[in-house]
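Below is one structure, written out as structure tokens; comments come after it.
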Amino acid sequence: MDIQLSEEQKAIDQSVREICAEFDDDYWTRCEEESTFPHEYYRLMAQNGWLGITMPEEVGGAGLGVTEAAIMMHAATSSGGGYSAASAIHINLFGPHSIVVHGSKEQKQRWLVPLVKGEQKACFGVTEPDAGLDTTSIKTFATKVQGGYIVHGRKMWTSTGQVADKILLLTRTTAKEDSRKPTQGMTLFYTDLDRTKCEVRRIRKMGRNAVDSNAVFIDGLFIPDEDRIGEEGRGFEYLLDSLNPERILVGIEAVGLGRDALNRAAQYAKDRVVFGRPIGKNQGIQHPLAEAWTYLESAYWMLMRAAWLYDNGQPCGAEANAGKFLGARAAFDAATRSVMTHGGMGYAREYQVERLFRESILPRIAPVTEQLILSFIAERVLGLPKSY
């Protein structure tokens, strides 16, 4: 088996890195400290066609696979922007997948073309405060009325809600207790984020503050019939189409962040002189950093294998979940060791590694916890009985 990037894939990596090079540490520090969306970065990525890398060519996309999207996102996070760079454009890569697969031709033109051009931004309304990862227990409800639906409910951890024009919204149209199966009775919509009916309240959080996260309170939002994706009651099924790509992308974004943190630590270890010698000459510094490299490299290729399997129509659930688990752990460890290598300066914002450290905890929690991943692998791969 030949495990290496093709020339086209190498060109994707180089092109994205050239764009990211225009946004230095000062830019990302400013966005982080001022809690400002990186509009300039978003605009340049859109102008160069990267927001549509996985979108069909008929809507202006490149029609490429999750493998190419993974290469792109790894380049973005490893170039200094971390998860702010990833999350600013992440939803364009996996969020609209249900529209690509289940949307009508008219919906694809109406919704995906502005997304690809960067003329509209979208947010993802799935998680709820009382449901969490138990998605079948969501309470946001869409009641059928003439010409559409009226929606009431709450969503949590809705990223980019402060700047979004549209929302991909999962609701119940049949109560869980009235559905034949818990996964039935949910309906997926893509509609205007009408702020007269939706209060978008920003959540103050540890890191990745350039990209907002929000609690969304929905009170009487009207959604026309033409904004429903596919059939009523099959929304959860449609949402599953995007789960493995999401895990792959989150995992490889984490690897990119970890590699950036590791490279900063290695450079600091070469430059920092204590007791007349660079600290990187000490095995106490060398070995933890070398170990971090091995885990990051292992996670990277697990995720690339998962992406290849997905793009070739093969089962990839175990690999996507395992890759996300490994990538998140490796990134967290690399960022932690980078801070420790910097010593006191690792605590200073000037050296950036504290920002990467704060962001590195995110992929260990979202979009699925380590515990659920381990339960999935125990049950689906090892054949153990279901634990919950």
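Chains: A, B, ... in order of the structure tokens. Residues: from 1 per chain. Ligands: from 1, in order shown.
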Residue contacts of Leu384 in chain A (9 Å, only C-alpha atoms) excluding same-chain residues fewer than 6 positions away, as a list in words: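 Near Leu384 in chain A, the qualifying residues are Ser375, Ile377 and Ala378 of chain A.
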Distance query Arg329 in chain A at most 7 Å, only C-alpha atoms, self and fewer than 4 positions along chain excluded, as a ChimeraX atom specification: /A:325,333,364
Limited to C-alpha atoms, could you put the picked residues into a file as a PDB file, in the first residue's frame?
ATOM      1  CA  PHE A 325     -10.248  10.006  19.951  1.00  0.00           C
ATOM      2  CA  ASP A 333      -0.847  16.196  25.220  1.00  0.00           C
ATOM      3  CA  ARG A 364     -11.822  15.865  23.764  1.00  0.00           C
TER       4      ARG A 364
END
Selected residue of minimal separation from Glu291 in chain A among A:Ala85, A:Ala75, A:Met156, A:Leu262, counting only C-alpha atoms: A:Leu262
Sel. of strand (DSSP E or B) residues, range 80-263 of chain A, as number ranges by chain: A: 122-125, 141-145, 148-155, 166-172, 186-192, 198-202, 214-224, 228, 234
Nearest-residue call for Gly52 in chain A, choices A:Pro114, A:Pro38, A:Gln9, A:Arg195, using only C-alpha atoms: A:Pro114
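Excluding Gly125 in chain A itself and same-chain residues fewer than 6 positions from it, the residues having an atom within 6 Å of it are Lys155, Thr158, Leu168 and Leu169 of chain A, counting only C-alpha atoms.
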Only N, CA and C atoms, please: the residues just picked out, written as a PDB file, in the first residue's frame.
ATOM      1  N   LYS A 155     -31.767  25.670  21.809  1.00  0.00           N
ATOM      2  CA  LYS A 155     -30.574  24.983  21.324  1.00  0.00           C
ATOM      3  C   LYS A 155     -29.366  25.495  22.091  1.00  0.00           C
ATOM      4  N   THR A 158     -24.502  26.510  19.916  1.00  0.00           N
ATOM      5  CA  THR A 158     -24.662  26.808  18.493  1.00  0.00           C
ATOM      6  C   THR A 158     -23.560  27.764  18.070  1.00  0.00           C
ATOM      7  N   LEU A 168     -29.248  25.397  10.400  1.00  0.00           N
ATOM      8  CA  LEU A 168     -29.633  24.010  10.139  1.00  0.00           C
ATOM      9  C   LEU A 168     -30.225  23.494  11.440  1.00  0.00           C
ATOM     10  N   LEU A 169     -31.513  23.256  11.458  1.00  0.00           N
ATOM     11  CA  LEU A 169     -32.253  23.069  12.708  1.00  0.00           C
ATOM     12  C   LEU A 169     -32.918  21.703  12.757  1.00  0.00           C
TER      13      LEU A 169
END
Selection near Thr341 in chain A, 8 Å with only C-alpha atoms, sequence-local residues under 2 positions removed, as a ChimeraX atom specification: /A:265,268-269,285,337-339,343,346
Counting only C-alpha atoms, the option among A:Lys176, A:Gly118, A:Met302, A:Trp293 closest to Cys316 in chain A: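 Smallest separation from Cys316 in chain A among the options: A:Met302.
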Close residues, Ser35 in chain A itself excluded, 6 Å, only C-alpha atoms, min 4 positions apart in chain, as a PyMOL selection string: chain A and resi 31+209-210
Option closest in space to Gly61 in chain A, from A:Ala76, A:Val116, A:Leu372, A:Ser84 [counting only C-alpha atoms]: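 Of A:Ala76, A:Val116, A:Leu372, A:Ser84, the one nearest Gly61 in chain A, counting only C-alpha atoms, is A:Val116.
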DSSP-assigned alpha helix (DSSP H) among range 168-297 of chain A, expressed as a ChimeraX atom specification: /A:235-240,243-271,283-297
CA of Ala306 in chain A to CA of Gly80 in chain A, distance in Å rounded to a single decimal: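 Taking CA of Ala306 in chain A and CA of Gly80 in chain A, their separation equals 25.0 Å.
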Gap from CA of Ala366 in chain A to CA of Thr127 in chain A - Å, one decimal: 10.8 Å
Shell of 12 Å around Val100 in chain A, only C-alpha atoms, local chain residues under 4 positions omitted, as a ChimeraX atom specification: /A:52,54-59,61,63,92-96,104-113,229-230,238-239,241-242
Take the residues just selected and output them with C-alpha atoms as a compact mmCIF listing (two decimals), in the first residue's frame.
# COMPACT_ATOMS: atom_id res chain seq x y z
CA GLY A 52 -16.96 24.64 -1.28
CA THR A 54 -16.77 19.17 -0.63
CA MET A 55 -19.76 20.78 -2.35
CA PRO A 56 -21.01 19.59 -5.78
CA GLU A 57 -19.64 21.36 -8.83
CA GLU A 58 -23.14 22.40 -9.95
CA VAL A 59 -23.39 24.76 -6.95
CA GLY A 61 -18.03 23.64 -5.28
CA GLY A 63 -16.72 18.19 -5.65
CA ASN A 92 -19.43 24.45 5.36
CA LEU A 93 -17.68 21.09 5.07
CA PHE A 94 -20.01 18.76 6.98
CA GLY A 95 -23.12 20.72 7.98
CA PRO A 96 -24.76 20.98 4.54
CA SER A 104 -34.08 19.13 -3.88
CA LYS A 105 -32.31 20.66 -6.88
CA GLU A 106 -33.98 24.00 -6.09
CA GLN A 107 -32.87 23.87 -2.45
CA LYS A 108 -29.27 23.12 -3.39
CA GLN A 109 -29.14 26.12 -5.69
CA ARG A 110 -30.90 28.40 -3.22
CA TRP A 111 -28.88 27.38 -0.16
CA LEU A 112 -25.50 26.02 -1.21
CA VAL A 113 -24.47 28.59 -3.81
CA ILE A 229 -35.02 18.96 4.10
CA GLY A 230 -36.45 15.71 2.75
CA TYR A 238 -30.42 12.55 7.44
CA LEU A 239 -28.19 13.96 10.14
CA ASP A 241 -24.90 11.21 6.94
CA SER A 242 -22.59 13.90 8.30
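For the choices A:Val255, A:Ala334, A:Met206, A:Val273, the atom-to-atom distance to Ala70 in chain A is smallest for A:Val255 when using only C-alpha atoms.
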Gly82 in chain A surroundings by only C-alpha atoms, 8 Å radius, close-in-sequence under 5 positions cut, as a list in words: Ala76, Thr77, Glu253, Gly256, Leu257, Leu356 and Glu359 of chain A
Between CA of Phe217 in chain A and CA of Arg154 in chain A - distance in Å to one decimal: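 Going from CA of Arg154 in chain A over to CA of Phe217 in chain A covers 4.7 Å.
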Counting only C-alpha atoms, the residue of A:Phe141, A:Glu297, A:His342, A:His74 that sits nearest Asp271 in chain A: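 Among A:Phe141, A:Glu297, A:His342, A:His74, it is A:His342 that comes nearest to Asp271 in chain A.
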